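The file model-v2.cif contains mmCIF, C-alpha atoms and all ligand atoms:
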```cif
data_data
loop_
_atom_site.label_atom_id
_atom_site.label_comp_id
_atom_site.auth_asym_id
_atom_site.auth_seq_id
_atom_site.Cartn_x
_atom_site.Cartn_y
_atom_site.Cartn_z
CA MET C 1 52.65 12.78 -10.13
CA ILE C 2 51.84 9.15 -9.44
CA LYS C 3 49.30 10.25 -6.86
CA LEU C 4 47.62 12.55 -9.37
CA LEU C 5 47.33 9.79 -11.93
CA LEU C 6 45.77 7.52 -9.36
CA VAL C 7 43.18 10.14 -8.43
CA ALA C 8 42.43 10.74 -12.10
CA SER C 9 41.91 7.05 -12.80
CA LEU C 10 39.73 6.64 -9.70
CA LEU C 11 37.60 9.55 -10.86
CA PHE C 12 37.31 7.93 -14.25
CA VAL C 13 36.14 4.66 -12.73
CA SER C 14 33.49 6.29 -10.55
CA ALA C 15 32.22 8.45 -13.40
CA ALA C 16 31.83 5.34 -15.55
CA THR C 17 29.86 3.49 -12.87
CA ALA C 18 27.67 6.52 -12.29
CA GLN C 19 26.74 6.53 -15.95
CA ASP C 20 25.77 2.85 -16.08
CA GLU C 21 23.96 2.96 -12.79
CA PRO C 22 22.75 6.27 -11.35
CA GLU C 23 23.68 6.70 -7.73
CA GLU C 24 21.36 5.10 -5.19
CA CYS C 25 19.71 2.88 -7.74
CA VAL C 26 18.24 0.07 -5.64
CA ARG C 27 17.40 -2.91 -7.80
CA ALA C 28 14.75 -5.51 -7.11
CA SER C 29 16.46 -8.20 -5.07
CA THR C 30 15.72 -11.25 -2.98
CA SER C 31 18.63 -10.26 -0.71
CA SER C 32 18.40 -7.88 2.20
CA PRO C 33 20.71 -4.84 2.13
CA LEU C 34 21.91 -6.07 5.57
CA ASP C 35 22.98 -9.50 6.81
CA ASN C 36 19.90 -11.64 7.33
CA ASP C 37 20.41 -11.92 11.08
CA LYS C 38 20.59 -8.12 11.38
CA THR C 39 17.56 -7.43 9.17
CA PRO C 40 14.32 -6.51 10.95
CA GLN C 41 11.37 -8.70 9.94
CA PHE C 42 8.52 -6.59 8.56
CA ILE C 43 4.87 -7.27 7.83
CA VAL C 44 3.12 -4.82 5.49
CA MET C 45 -0.61 -5.14 5.85
CA SER C 46 -2.86 -3.31 3.44
CA PHE C 47 -6.56 -2.79 2.74
CA ASP C 48 -8.20 -1.41 -0.38
CA ASP C 49 -11.94 -1.53 0.30
CA SER C 50 -14.11 1.56 0.65
CA ALA C 51 -13.63 2.79 4.21
CA THR C 52 -17.02 2.63 5.90
CA ASN C 53 -18.06 2.71 9.52
CA LEU C 54 -19.29 -0.87 9.20
CA VAL C 55 -15.91 -2.32 8.12
CA TYR C 56 -14.22 -0.16 10.74
CA GLU C 57 -16.42 -1.43 13.57
CA GLU C 58 -16.57 -5.06 12.44
CA PHE C 59 -13.03 -5.62 11.19
CA TYR C 60 -10.42 -2.84 11.44
CA LYS C 61 -11.06 -2.10 15.11
CA ASN C 62 -10.74 -5.77 15.99
CA ILE C 63 -7.51 -6.20 14.03
CA PHE C 64 -5.61 -3.19 15.43
CA ASN C 65 -6.90 -1.94 18.74
CA GLY C 66 -4.61 -2.71 21.64
CA ARG C 67 -1.90 -4.47 19.60
CA SER C 68 1.66 -3.11 19.72
CA ASN C 69 4.92 -3.59 17.87
CA PRO C 70 7.98 -4.78 19.86
CA ASP C 71 8.94 -1.11 20.44
CA GLY C 72 5.62 -0.43 22.17
CA ASN C 73 4.08 1.69 19.40
CA PRO C 74 0.73 0.56 17.92
CA ILE C 75 0.90 -1.79 14.93
CA LYS C 76 -0.09 -0.16 11.68
CA ALA C 77 -1.24 -0.80 8.14
CA THR C 78 -1.77 1.06 4.88
CA PHE C 79 -5.26 1.89 3.60
CA LEU C 80 -5.54 2.47 -0.15
CA ILE C 81 -8.79 4.38 -0.40
CA PRO C 82 -11.23 4.17 -3.33
CA HIS C 83 -13.80 6.97 -3.51
CA GLU C 84 -17.18 5.26 -3.96
CA TYR C 85 -19.01 4.69 -0.65
CA THR C 86 -16.02 5.84 1.41
CA ASP C 87 -16.79 7.65 4.66
CA TYR C 88 -14.10 10.35 4.98
CA GLU C 89 -14.66 10.64 8.71
CA VAL C 90 -13.49 7.00 8.99
CA VAL C 91 -10.44 7.81 6.81
CA ASN C 92 -9.62 10.69 9.15
CA ARG C 93 -9.97 8.35 12.16
CA LEU C 94 -7.62 5.74 10.62
CA TYR C 95 -5.08 8.46 9.87
CA ASN C 96 -5.18 9.82 13.41
CA GLU C 97 -4.71 6.30 14.76
CA GLY C 98 -1.35 6.26 12.96
CA HIS C 99 -2.13 4.26 9.82
CA GLU C 100 -0.93 5.30 6.40
CA ILE C 101 -3.55 6.60 3.99
CA GLY C 102 -2.95 6.13 0.26
CA VAL C 103 -4.80 6.30 -3.03
CA HIS C 104 -6.64 3.51 -4.82
CA SER C 105 -8.61 5.50 -7.42
CA ILE C 106 -11.86 7.40 -7.82
CA THR C 107 -13.81 4.83 -9.83
CA LYS C 108 -12.11 1.48 -8.96
CA LYS C 109 -13.65 0.24 -12.21
CA ALA C 110 -13.83 -3.55 -12.39
CA GLU C 111 -12.69 -3.96 -16.02
CA ALA C 112 -8.98 -4.75 -16.39
CA ALA C 113 -9.05 -3.26 -19.90
CA TYR C 114 -10.07 0.14 -18.52
CA TRP C 115 -6.84 0.38 -16.48
CA GLN C 116 -4.62 -1.01 -19.23
CA SER C 117 -5.92 1.22 -22.01
CA SER C 118 -6.40 4.43 -20.00
CA SER C 119 -4.50 7.51 -21.12
CA VAL C 120 -1.98 9.09 -18.72
CA GLU C 121 -4.42 12.02 -18.36
CA ASN C 122 -7.26 9.76 -17.29
CA LEU C 123 -5.00 7.96 -14.80
CA VAL C 124 -3.98 11.34 -13.37
CA ASP C 125 -7.70 12.19 -12.99
CA GLU C 126 -8.13 8.88 -11.13
CA PHE C 127 -5.09 9.10 -8.82
CA LYS C 128 -4.42 12.82 -8.35
CA GLY C 129 -8.15 13.38 -8.16
CA GLN C 130 -8.51 10.82 -5.38
CA LYS C 131 -5.53 12.28 -3.53
CA GLU C 132 -7.29 15.69 -3.61
CA ILE C 133 -10.58 14.17 -2.48
CA ILE C 134 -8.96 12.38 0.47
CA SER C 135 -6.96 15.44 1.47
CA LYS C 136 -9.94 17.77 1.33
CA PHE C 137 -12.77 15.67 2.74
CA ALA C 138 -10.78 13.66 5.32
CA ASN C 139 -8.70 16.74 6.17
CA ILE C 140 -5.31 15.02 5.73
CA PRO C 141 -2.19 16.97 4.60
CA GLU C 142 -1.55 16.24 0.91
CA ASP C 143 2.15 15.51 1.48
CA HIS C 144 1.20 12.62 3.80
CA ILE C 145 -0.54 10.86 0.91
CA ARG C 146 2.26 9.08 -0.98
CA VAL C 147 1.23 5.50 -1.71
CA VAL C 148 -0.88 4.31 -4.65
CA ARG C 149 -2.35 0.98 -5.71
CA THR C 150 -3.69 0.64 -9.25
CA PRO C 151 -7.02 -1.24 -9.05
CA HIS C 152 -6.78 -4.99 -9.65
CA LEU C 153 -2.98 -4.51 -9.89
CA GLN C 154 -3.41 -3.70 -13.60
CA LEU C 155 -0.23 -1.69 -14.13
CA ALA C 156 -0.06 -0.10 -17.57
CA GLY C 157 3.72 0.25 -17.85
CA ASP C 158 5.07 3.79 -18.18
CA LYS C 159 1.58 5.29 -18.32
CA SER C 160 0.96 4.26 -14.71
CA PHE C 161 4.28 5.58 -13.42
CA GLU C 162 4.04 8.82 -15.39
CA ALA C 163 0.57 9.32 -13.88
CA TYR C 164 1.91 8.57 -10.37
CA LYS C 165 4.66 11.14 -10.90
CA ARG C 166 2.23 13.81 -12.07
CA SER C 167 -0.01 13.01 -9.11
CA GLY C 168 2.76 13.49 -6.55
CA LEU C 169 2.63 9.84 -5.46
CA ASP C 170 6.03 8.20 -4.96
CA ILE C 171 5.35 4.69 -3.63
CA ASP C 172 3.69 1.99 -5.72
CA SER C 173 1.86 -0.93 -4.14
CA SER C 174 0.63 -2.74 -7.27
CA TRP C 175 3.58 -4.83 -8.38
CA PRO C 176 3.54 -8.53 -7.42
CA ALA C 177 6.60 -10.75 -7.12
CA LEU C 178 6.39 -14.54 -7.40
CA SER C 179 6.33 -16.48 -4.15
CA LYS C 180 9.63 -18.20 -4.99
CA THR C 181 11.40 -14.85 -5.46
CA LYS C 182 10.17 -12.64 -2.65
CA LEU C 183 11.62 -9.16 -3.03
CA PHE C 184 12.77 -6.26 -0.89
CA PRO C 185 11.57 -2.72 -1.74
CA TYR C 186 13.32 -1.21 -4.76
CA ASN C 187 13.37 2.08 -6.59
CA LEU C 188 13.13 3.04 -10.25
CA LYS C 189 16.15 5.34 -10.41
CA CYS C 190 17.39 2.91 -13.02
CA LYS C 191 15.17 0.86 -15.32
CA SER C 192 13.54 -1.93 -13.35
CA ASN C 193 14.78 -5.50 -13.50
CA ALA C 194 11.61 -6.86 -11.86
CA GLN C 195 9.18 -9.06 -13.78
CA CYS C 196 5.51 -8.23 -14.30
CA SER C 197 3.17 -11.15 -13.81
CA ILE C 198 -0.14 -9.25 -14.10
CA GLY C 199 0.22 -5.81 -15.67
CA GLU C 200 2.82 -4.29 -17.93
CA CYS C 201 6.28 -3.19 -16.67
CA PRO C 202 7.54 0.38 -17.10
CA GLU C 203 10.46 0.80 -19.53
CA GLU C 204 11.70 4.15 -18.26
CA SER C 205 13.39 5.09 -14.99
CA TYR C 206 11.66 7.33 -12.41
CA ASP C 207 13.85 9.28 -10.09
CA GLU C 208 11.86 9.49 -6.87
CA MET C 209 9.72 6.38 -7.29
CA TRP C 210 9.82 3.37 -4.94
CA VAL C 211 8.03 0.06 -5.24
CA VAL C 212 6.90 -1.91 -2.20
CA PRO C 213 6.52 -5.28 -3.91
CA ILE C 214 3.50 -7.45 -3.24
CA ASN C 215 5.19 -10.74 -2.42
CA ASN C 216 2.88 -13.55 -3.49
CA ILE C 217 1.97 -16.37 -1.16
CA LYS C 218 0.63 -19.88 -1.79
CA GLY C 219 -3.02 -20.71 -1.36
CA VAL C 220 -5.27 -23.66 -2.03
CA ASN C 221 -3.51 -26.35 -4.16
CA ASP C 222 -0.37 -24.18 -3.95
CA ILE C 223 -1.75 -21.53 -6.32
CA GLU C 224 0.11 -18.20 -6.46
CA CYS C 225 -2.06 -15.58 -4.81
CA ASN C 226 -1.67 -12.25 -3.09
CA THR C 227 -4.96 -11.16 -1.55
CA LEU C 228 -5.95 -13.52 1.27
CA PHE C 229 -9.36 -13.72 -0.37
CA ALA C 230 -7.91 -14.96 -3.67
CA CYS C 231 -5.96 -17.74 -1.91
CA GLN C 232 -9.32 -19.52 -1.36
CA MET C 233 -8.23 -21.36 1.77
CA ASN C 234 -11.49 -22.67 3.25
CA LEU C 235 -10.27 -23.97 6.60
CA THR C 236 -11.05 -23.86 10.30
CA GLN C 237 -9.69 -21.03 12.41
CA PRO C 238 -6.61 -22.89 13.78
CA GLU C 239 -5.81 -24.24 10.31
CA LEU C 240 -6.07 -20.76 8.76
CA SER C 241 -3.73 -19.34 11.43
CA GLN C 242 -1.27 -22.19 10.75
CA TRP C 243 -1.42 -21.43 7.04
CA LEU C 244 -0.64 -17.74 7.64
CA LEU C 245 2.26 -18.73 9.90
CA ARG C 246 3.59 -21.12 7.26
CA GLU C 247 3.51 -18.37 4.62
CA PHE C 248 5.07 -15.90 7.05
CA LYS C 249 7.94 -18.32 7.72
CA SER C 250 8.44 -18.66 3.99
CA ALA C 251 8.93 -14.86 3.77
CA ALA C 252 11.14 -14.88 6.87
CA ALA C 253 13.51 -17.34 5.16
CA ASN C 254 15.12 -14.45 3.23
CA LYS C 255 13.82 -11.77 5.66
CA SER C 256 11.67 -10.24 2.91
CA PRO C 257 8.69 -8.17 4.06
CA PHE C 258 5.54 -10.31 4.38
CA SER C 259 2.71 -8.84 2.27
CA LEU C 260 -0.76 -9.22 3.76
CA LEU C 261 -3.50 -7.94 1.45
CA VAL C 262 -6.76 -8.10 3.35
CA ASN C 263 -10.24 -7.55 1.91
CA SER C 264 -13.40 -7.48 3.97
CA ALA C 265 -14.84 -10.06 1.53
CA TRP C 266 -12.37 -12.56 3.03
CA PHE C 267 -14.02 -12.10 6.42
CA THR C 268 -17.55 -12.28 5.08
CA ILE C 269 -17.04 -15.40 2.95
CA TYR C 270 -14.91 -17.30 5.48
CA PRO C 271 -16.46 -16.71 8.91
CA ASP C 272 -13.35 -17.93 10.80
CA ALA C 273 -10.97 -15.63 8.93
CA LEU C 274 -11.07 -12.69 11.36
CA ALA C 275 -10.28 -14.83 14.41
CA ALA C 276 -7.55 -16.59 12.40
CA LEU C 277 -5.92 -13.30 11.44
CA GLN C 278 -6.07 -12.07 15.04
CA ALA C 279 -4.47 -15.28 16.35
CA PHE C 280 -1.76 -15.05 13.70
CA ILE C 281 -0.95 -11.43 14.57
CA ASP C 282 -0.80 -12.25 18.29
CA GLU C 283 1.49 -15.17 17.69
CA VAL C 284 4.05 -13.24 15.61
CA LEU C 285 3.93 -10.30 18.05
CA ASP C 286 4.54 -12.73 20.94
CA GLU C 287 7.76 -13.85 19.29
CA GLY C 288 8.86 -10.24 19.77
CA ASN C 289 10.94 -9.36 16.71
CA THR C 290 8.43 -8.62 13.96
CA TYR C 291 7.15 -5.14 13.07
CA PHE C 292 3.87 -4.24 11.37
CA VAL C 293 4.84 -1.13 9.39
CA SER C 294 3.32 1.21 6.83
CA HIS C 295 4.54 1.39 3.24
CA SER C 296 6.37 4.69 3.73
CA GLU C 297 8.04 3.37 6.89
CA LEU C 298 9.32 0.39 4.93
CA VAL C 299 10.59 2.65 2.14
CA GLU C 300 12.38 4.89 4.66
CA TRP C 301 14.05 1.76 6.03
CA ALA C 302 15.06 0.67 2.52
CA LYS C 303 16.61 4.11 1.92
CA ASN C 304 18.54 3.85 5.16
CA PRO C 305 18.61 0.22 6.35
CA VAL C 306 18.78 0.17 10.14
CA GLU C 307 19.75 -3.02 11.95
CA ALA C 308 17.03 -4.85 13.85
CA ALA C 309 18.65 -3.97 17.20
CA ASN C 310 18.24 -0.25 16.46
CA PHE C 311 14.98 -0.26 14.52
CA GLU C 312 12.02 1.74 15.81
CA THR C 313 8.69 2.53 14.23
CA VAL C 314 7.55 6.13 13.79
CA ALA C 315 4.84 7.40 16.10
CA GLU C 316 4.41 11.05 15.15
CA PRO C 317 1.43 12.69 16.84
CA ARG C 318 -1.41 13.39 14.44
CA SER C 319 -4.14 15.90 14.87
CA ALA C 320 -6.06 16.21 11.62
CA GLU C 321 -9.41 16.90 13.21
CA CYS C 322 -12.70 16.53 11.46
CA GLU C 323 -14.02 20.10 11.56
CA ILE C 324 -17.54 18.87 11.35
CA ASN C 325 -19.09 15.47 10.88
CA ASN C 326 -21.27 16.04 7.88
CA ILE C 327 -23.47 13.64 5.99
CA CYS C 328 -23.65 15.25 2.56
CA PRO C 329 -26.55 14.32 0.27
CA LEU C 330 -25.02 15.03 -3.14
CA ASP C 331 -26.32 15.08 -6.65
CA PHE C 332 -24.48 12.46 -8.76
CA GLU C 333 -26.06 13.08 -12.14
CA GLU C 334 -27.87 10.05 -13.59
CA PHE C 335 -26.92 7.93 -10.58
CA GLY C 336 -29.15 9.97 -8.27
CA THR C 337 -28.13 11.05 -4.77
CA ARG C 338 -25.04 9.84 -2.90
CA TYR C 339 -24.58 10.30 0.84
CA MET C 340 -20.95 11.15 1.53
CA LYS C 341 -19.55 11.57 5.06
CA SER C 342 -17.17 14.53 5.09
CA CYS C 343 -14.91 16.23 7.64
CA VAL C 344 -15.50 19.64 6.08
CA LYS C 345 -18.40 21.64 4.69
CA CYS C 346 -20.42 19.72 2.07
CA PRO C 347 -19.53 20.45 -1.55
CA PRO C 348 -22.37 21.28 -3.96
CA LYS C 349 -21.76 18.23 -6.17
CA TYR C 350 -20.55 14.65 -5.71
CA PRO C 351 -16.74 14.71 -6.19
CA TRP C 352 -15.79 12.70 -9.28
CA LEU C 353 -13.35 12.37 -12.19
CA GLY C 354 -12.52 15.86 -13.44
CA ASN C 355 -14.24 17.51 -10.46
CA PRO C 356 -12.54 16.19 -7.30
CA GLN C 357 -13.55 19.22 -5.23
CA GLY C 358 -17.23 18.68 -6.09
CA LEU C 359 -17.64 22.26 -7.29
CA MET C 360 -20.68 23.59 -9.09
CA GLU C 361 -19.67 23.46 -12.77
C1 LIG G 1 -16.21 -24.01 2.78
O1 LIG G 1 -16.39 -25.37 3.07
C2 LIG G 1 -17.67 -25.66 3.62
C3 LIG G 1 -17.66 -27.11 4.07
O2 LIG G 1 -17.12 -27.96 3.10
C4 LIG G 1 -18.73 -25.38 2.56
O3 LIG G 1 -20.02 -25.65 3.07
C5 LIG G 1 -18.64 -23.90 2.17
O4 LIG G 1 -19.53 -23.60 1.13
C6 LIG G 1 -17.21 -23.56 1.74
N1 LIG G 1 -17.13 -22.11 1.56
C7 LIG G 1 -16.50 -21.54 0.53
C8 LIG G 1 -16.55 -20.05 0.47
O5 LIG G 1 -15.93 -22.17 -0.33
#
```
Would it be possible to restate this file's structure as structure tokens?
Ligand SMILES: *[C@@H]1O[C@H](CO)[C@@H](O)[C@H](O)[C@H]1NC(C)=O
Amino acid sequence: MIKLLLVASLLFVSAATAQDEPEECVRASTSSPLDNDKTPQFIVMSFDDSATNLVYEEFYKNIFNGRSNPDGNPIKATFLIPHEYTDYEVVNRLYNEGHEIGVHSITKKAEAAYWQSSSVENLVDEFKGQKEIISKFANIPEDHIRVVRTPHLQLAGDKSFEAYKRSGLDIDSSWPALSKTKLFPYNLKCKSNAQCSIGECPEESYDEMWVVPINNIKGVNDIECNTLFACQMNLTQPELSQWLLREFKSAAANKSPFSLLVNSAWFTIYPDALAALQAFIDEVLDEGNTYFVSHSELVEWAKNPVEAANFETVAEPRSAECEINNICPLDFEEFGTRYMKSCVKCPPKYPWLGNPQGLME
């Protein structure tokens, strides 16, 4: 009888907690789910420029080729792909090299107001449309495309997350955290407790959605910044490498993942930036306990936090071949002709909002 009562009251307690906080709700936190000394140190590098052969040859190749994580697998990054001027043969190449391919948008429009005032339907056209374009023309399985970054990090609260959900995208990479509160990945199974410094926060919960926070760093005059370009550090190569190391150590203080948002404009405006980034990467890899991982790899770790001693990156073989290497001259209405590199047969029209397959309407 006593035993039964005890079971009943335990059940009551767990039911009550479950109601307040759905199971597996992972809140935004500056603390690792493991002890700090058992937490692997991660670096999440990401790019959101149009993928062209020029940026591949000049920058991407020089950043990645030949560099390995402590487990011997190649280091990797996440490429959030906008449609305009992207060469889908290059996207296919990045994918086969082991990088993660995600969605930026079709238009990448420059106006913040466009992203904030868009309807959910228009955001779905932007994100789901771009997922379809990447999958079709770079020949990448749709279920491997999970990450999304809203252009200019202009989150529009629930509209953005509803659009992500309808687009089959379950990892956001648009949500900054201040440099003094660097966060671990969190999910939206319960309403988020994270602050929004740029866009608007969602109010609802989203069952399958994870956020890989963009942890801000400090740039010139200690300004809060997240893209390396926006940090405006105009320094010599050794000084730039020292700066990156300083910011990395600041993330390592609570073992939070170090966010590195790299634009090709950073390399073109600051000529020493590429060599500085390379030297930085080599230095942290030499220390032997830091992993360059993709967004989905980091989320899988957050779902099931493995101690540093047992952590390994994923190196699944990939064989999404380009069937053909086509340069497609495509009619783009009043904008004239666009030349799109495609891994499959050329579509009749330039893929765009509302017509991601580029079909004849
Ligand atoms: C960087 O500093 C140099 C030397 O002071 C200056 O000539 C150059 O214009 C600066 N570049 C940028 C992008 O601020």
Practice item. Throw together the list of residues within 6 Å of ligand LIG 1 (chain G), counting only C-alpha atoms and all ligand atoms, and drop it here as a PyMOL selection string. Key: chain C and resi 234+269-270
How would the residues just chosen look if you wrote them out with C-alpha atoms as a compact mmCIF listing (two decimals), in the frame of the given file?
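The result, written out as part-v5.txt:
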```txt
# COMPACT_ATOMS: atom_id res chain seq x y z
CA ASN C 234 -11.49 -22.67 3.25
CA ILE C 269 -17.04 -15.40 2.95
CA TYR C 270 -14.91 -17.30 5.48
```
Point to revise | Between CA of Asp125 in chain C and CA of Met360 in chain C - distance in Å to one decimal | key: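 These two atoms are separated by 17.7 Å.
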Point to revise | Surrounding residues of range 201-215 of chain C excluding itself and chain neighbours under 4 positions, 6 Å, only C-alpha atoms, as an NGL selection string | key: :C and (157-158 or 170-173 or 175-177 or 182 or 185-191 or 196 or 259)
Output C-alpha atoms of each residue in that selection to a file, as a compact mmCIF listing (two decimals), keeping the file's coordinate frame.
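New file part_29.txt:
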```txt
# COMPACT_ATOMS: atom_id res chain seq x y z
CA GLY C 157 3.72 0.25 -17.85
CA ASP C 158 5.07 3.79 -18.18
CA ASP C 170 6.03 8.20 -4.96
CA ILE C 171 5.35 4.69 -3.63
CA ASP C 172 3.69 1.99 -5.72
CA SER C 173 1.86 -0.93 -4.14
CA TRP C 175 3.58 -4.83 -8.38
CA PRO C 176 3.54 -8.53 -7.42
CA ALA C 177 6.60 -10.75 -7.12
CA LYS C 182 10.17 -12.64 -2.65
CA PRO C 185 11.57 -2.72 -1.74
CA TYR C 186 13.32 -1.21 -4.76
CA ASN C 187 13.37 2.08 -6.59
CA LEU C 188 13.13 3.04 -10.25
CA LYS C 189 16.15 5.34 -10.41
CA CYS C 190 17.39 2.91 -13.02
CA LYS C 191 15.17 0.86 -15.32
CA CYS C 196 5.51 -8.23 -14.30
CA SER C 259 2.71 -8.84 2.27
```
Review point. What is the CA of Thr290 in chain C to CA of Lys249 in chain C distance in Å?
Key: 11.5 Å
Practice item. Take CA of Leu155 in chain C and CA of Gln116 in chain C and report the distance between them in Å, one decimal. Key: 6.8 Å
**Study point:** C:Ala309, C:Ala138, C:Ile43, C:Leu228 ranked by distance to Asn325 in chain C, top pick (using all atoms listed in the file)
**Key:** C:Ala138
Exercise for review: Rank C:Ile217, C:Cys343, C:Val103, C:Ala251 by their smallest atom-to-atom distance to Glu321 in chain C, using all atoms listed in the file, and report the top residue only.
Suggested key: C:Cys343
**Study point:** Sphere at (-7.3, -20.8, 11.9), radius 9 Å, counting only C-alpha atoms: residues as a PyMOL selection string
**Key:** chain C and resi 235-244+272-277+279-280
Applying 12 Å and all atoms listed in the file, which residues near Pro141 in chain C remain after dropping the ones on its own chain fewer than 3 positions away? List them as a PDB file with C-alpha atoms, in the frame of the given file.
```pdb
ATOM      1  CA  ASN C  92      -9.620  10.690   9.150  1.00  0.00           C
ATOM      2  CA  TYR C  95      -5.080   8.460   9.870  1.00  0.00           C
ATOM      3  CA  ASN C  96      -5.180   9.820  13.410  1.00  0.00           C
ATOM      4  CA  GLU C 100      -0.930   5.300   6.400  1.00  0.00           C
ATOM      5  CA  ILE C 101      -3.550   6.600   3.990  1.00  0.00           C
ATOM      6  CA  GLY C 102      -2.950   6.130   0.260  1.00  0.00           C
ATOM      7  CA  LYS C 131      -5.530  12.280  -3.530  1.00  0.00           C
ATOM      8  CA  GLU C 132      -7.290  15.690  -3.610  1.00  0.00           C
ATOM      9  CA  ILE C 133     -10.580  14.170  -2.480  1.00  0.00           C
ATOM     10  CA  ILE C 134      -8.960  12.380   0.470  1.00  0.00           C
ATOM     11  CA  SER C 135      -6.960  15.440   1.470  1.00  0.00           C
ATOM     12  CA  LYS C 136      -9.940  17.770   1.330  1.00  0.00           C
ATOM     13  CA  PHE C 137     -12.770  15.670   2.740  1.00  0.00           C
ATOM     14  CA  ALA C 138     -10.780  13.660   5.320  1.00  0.00           C
ATOM     15  CA  HIS C 144       1.200  12.620   3.800  1.00  0.00           C
ATOM     16  CA  ILE C 145      -0.540  10.860   0.910  1.00  0.00           C
ATOM     17  CA  ARG C 146       2.260   9.080  -0.980  1.00  0.00           C
ATOM     18  CA  ARG C 318      -1.410  13.390  14.440  1.00  0.00           C
ATOM     19  CA  SER C 319      -4.140  15.900  14.870  1.00  0.00           C
ATOM     20  CA  ALA C 320      -6.060  16.210  11.620  1.00  0.00           C
ATOM     21  CA  GLU C 321      -9.410  16.900  13.210  1.00  0.00           C
TER      22      GLU C 321
END
```
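Nearest-residue note for Asn53 in chain C: choosing from C:Ile223, C:Gly66, C:Tyr88, C:Gly72, the minimum distance belongs to C:Tyr88, counting only C-alpha atoms.
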Point to revise | Shell of 12 Å around Tyr350 in chain C, only C-alpha atoms, local chain residues under 6 positions omitted, as a ChimeraX atom specification | key: /C:83-85,106,133,137,328-342,356-361
Review point. For Gly354 in chain C, which residue out of C:Leu123, C:Val147, C:Val90, C:Val220 is the nearest one, using all atoms listed in the file?
Key: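 Using all atoms listed in the file, Gly354 in chain C sits closest to C:Leu123.
Using only C-alpha atoms, the smallest distance between any of C:Ile140, C:Ile281, C:Met45, C:Leu261 and Arg93 in chain C comes from C:Ile140.
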